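Let me begin by presenting the structure, written as structure tokens, before commenting on it.
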Amino acid sequence: MNPISMQPPKISVLGPYEVKCFCKYFKGIDILLAKRFSCGFVPHEEHLTLILCELLDERASKLHLLPYSLSDLNNDLRKNGGLLQSDVSISTTDYNKTQEGHTTYSDIGIVLTYQDYIEPNNNFQKGILLQAKKLFPTSFGYDLSSVYESFDIAQHQKLENLNKSYVEKGCGNECIKYLMYNPCLEALPKREQQMVLHQQMRLDATSIFDYTIGLQRYRELIEGEQSSILNLGCLLTSIDNIHELAAKAAKASRTNKTLYKFTLESLIESINVYESSLSWFFVFDLMMRGVGCSCQDFIQLVRYGENTGMARLLEITPPKYCIELTITAGSEQ
């Protein structure tokens with residue numbers, strides 16, 4: 001039985017229908033972003049991050065052909081007679097590239113605010129930082145041997161220190177994650193697509209499809225579309241997992257480095273691809289599990305760039321983009 005499904009959800013009124021709608025919204029964004037790898041040129045990491053923020057923003061997303069917009073999401077939530085409504089806004093912090101490389105340690109900050117007008121005791125707010133890394137093609141295109149070339153040892157160590165500081169402070173068990181940009185599964189050679197699908201289906205074969213999380217996965221498997229069963233796109237993973245992958249890569253590289261750039265194959269072998277997807281992260285990790293950091297000085301850093309408390313001590317400047325995701329239940333009297 002999935003231990004996550006046994007935990008009371010942070011947003012208690014997030015039912016199977018609402019989960020289906022939210023997953024549809026984030027999956028549409030994920031697929032569009034992954035298609036940027038198939039445009040005939042290698043996309044820049046910064047550009048992918050900008051596009052992701054545009055796709056999430058209600059106004060900027062109108063520049064793209066989203067299959068299911070934020071407006072569509074809210075309309076479907078209202079039609080079902082449920083309690084939830086959502087709002088997403090994006091803000092940016094202006095600084096030069098040298099500052100980003102040396103002091104910010106992250107590309108995207110996310111603040112999730114849940115406002116329950118029926119039972120205010122359920123209200124919560126969490127912040128999390130994402131460090132983005134994109135997959136680079138080989139001379140033959142994208143395959144499992146493709147490498148995350150922009151992995152940076154010094155930057156990674158700073159991320160570890162920042163995350164450790166807030167975890168030890170008791171603010172949460174995961175304040176920073178890596179966001180790995182990848183092409184669609186179809187961009188890989190056919191045999192490698194089958195290998196990735198085989199791994200995922202083997203994991204799903206031993207799953208019990210219960211509670212809201214299990215019901216959503218069961219529905220997607222029954223629908224039978226490959227894009228809903230599995231897509232690479234954005235994969236999110238922990239700092240600890242990236243550290244382990246980089247350490248193994250360093251041993252295999254025959255260099256004197258303790259950490260080294262790693263391959264797509266090593267990443268996929270270390271994770272459950274479906275449970276590392278963009279939709280899983282937003283819906284199940286953020287909205288249901290409430291992952292992230294609850295410290296107000298951390299949230300202020302993510303949202304406004306205010307260097308208070310631990311952030312000031314570590315001389316941290318804010319991420320380039322802040323995504324504000326607000327979920328409300330019921331209406332204000």
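Convention: chains lettered A, B, ... in structure tokens order; per-chain residue numbering from 1; ligands numbered from 1 as shown.
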As a compact mmCIF listing (two decimals) with N, CA and C atoms, in the first residue's frame, please: the residues near A:Lys257 (cut-off 12 Å, only C-alpha atoms, same-chain neighbours under 6 positions excluded).
# COMPACT_ATOMS: atom_id res chain seq x y z
N ASP A 152 26.53 21.46 -11.68
CA ASP A 152 27.63 22.25 -11.13
C ASP A 152 27.90 21.82 -9.69
N ILE A 153 29.11 21.38 -9.42
CA ILE A 153 29.45 20.84 -8.10
C ILE A 153 29.34 21.91 -7.02
N ALA A 154 29.93 23.08 -7.26
CA ALA A 154 29.91 24.14 -6.25
C ALA A 154 28.49 24.59 -5.96
N ALA A 246 25.48 11.78 -8.87
CA ALA A 246 26.71 12.48 -9.22
C ALA A 246 27.93 11.79 -8.62
N ALA A 247 27.78 11.21 -7.42
CA ALA A 247 28.89 10.49 -6.79
C ALA A 247 29.22 9.21 -7.56
N LYS A 248 28.19 8.50 -8.00
CA LYS A 248 28.39 7.29 -8.80
C LYS A 248 29.03 7.63 -10.14
N ALA A 249 28.58 8.72 -10.75
CA ALA A 249 29.15 9.15 -12.02
C ALA A 249 30.62 9.53 -11.87
N ALA A 250 30.96 10.12 -10.74
CA ALA A 250 32.36 10.51 -10.49
C ALA A 250 33.26 9.29 -10.40
N LYS A 251 32.79 8.24 -9.75
CA LYS A 251 33.58 7.01 -9.64
C LYS A 251 33.81 6.39 -11.01
Taking only C-alpha atoms into account, produce a table as a tab-separated table in which each residue of stretch 191-280 of chain A with an atom at most 10 Å from an atom of stretch 32-38 of chain A appears once, together with its shortest atom pair and the distance in Å to one decimal, ordered by chain and rising number.
residue	atom	partner	partner_atom	distance
A:Asn231	CA	A:Ala34	CA	9.0
A:Leu232	CA	A:Ala34	CA	7.7
A:Gly233	CA	A:Ala34	CA	4.7
A:Cys234	CA	A:Ala34	CA	7.3
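Nearest-residue note for A:Phe22: choosing from A:Ser145, A:Asp72, A:Ile299, A:His243, the minimum distance belongs to A:Asp72, counting only C-alpha atoms.
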Would you kindly return, as number ranges by chain, each protein, DNA or RNA residue with an atom no farther than 12 Å from any atom of A:Gln157, considering only C-alpha atoms and excluding same-chain residues fewer than 4 positions away?
A: 102, 105, 151-153, 161-164, 239-240, 242-243, 246, 258-259
Which parts of stretch 105-180 of chain A does DSSP call alpha helix (DSSP H) when run on the backbone here, written out as JSON, numbers by chain?
{"A": [153, 154, 155, 156, 157, 158, 159, 160, 161, 162, 163, 164, 165, 166, 167, 168]}
Shell of 10 Å around A:Tyr17, only C-alpha atoms, local chain residues under 4 positions omitted, as an MDAnalysis selection string
chainID A and resid 21:23 76:77 80 82 212 215:216
Pick the closest to A:Ile31 from A:Leu325, A:Leu65, A:Val283, A:Ala132: which is it, counting only C-alpha atoms?
A:Leu65
Selection near A:Leu70, 9 Å with only C-alpha atoms, sequence-local residues under 3 positions removed, as a ChimeraX atom specification
/A:25,56-58,61,73-75,86-88
Taking only C-alpha atoms into account, which of A:Ile90, A:Leu278, A:Ile327, A:Cys322 comes nearest A:Arg59?
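The shortest atom-to-atom distance to A:Arg59 comes from A:Ile90.
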Members of stretch 71-276 of chain A assigned strand (DSSP E) by DSSP, as number ranges by chain
A: 84-92, 108-116, 124-134, 176-181, 235-238
Contacts of A:Ser146 at 7 Å (only C-alpha atoms; same-chain gap of 4+ positions) as a VMD selection string
chain A and resid 135 to 138 142 263 to 264
Do you know which residues are at most 9 Å from A:Cys175 counting only C-alpha atoms, after dropping those on the same chain fewer than 4 positions away, and could you put them as a ChimeraX atom specification?
/A:127-130,162-164,166-167,171,291-294,298
Any idea what the distance is between atom CA of A:Ser238 and atom CA of A:Tyr68?
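According to the coordinates, atom CA of A:Ser238 and atom CA of A:Tyr68 are separated by 28.6 Å.
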Of the listed residues A:Gln125, A:Ser266, A:Gln300, A:Ser106, that which approaches A:Gly172 most closely, counting only C-alpha atoms
A:Gln125
Can you work out which one of A:Leu48, A:Leu83, A:Leu301, A:Val147 has the shortest atom-to-atom distance to A:Pro319, counting only C-alpha atoms?
A:Leu301
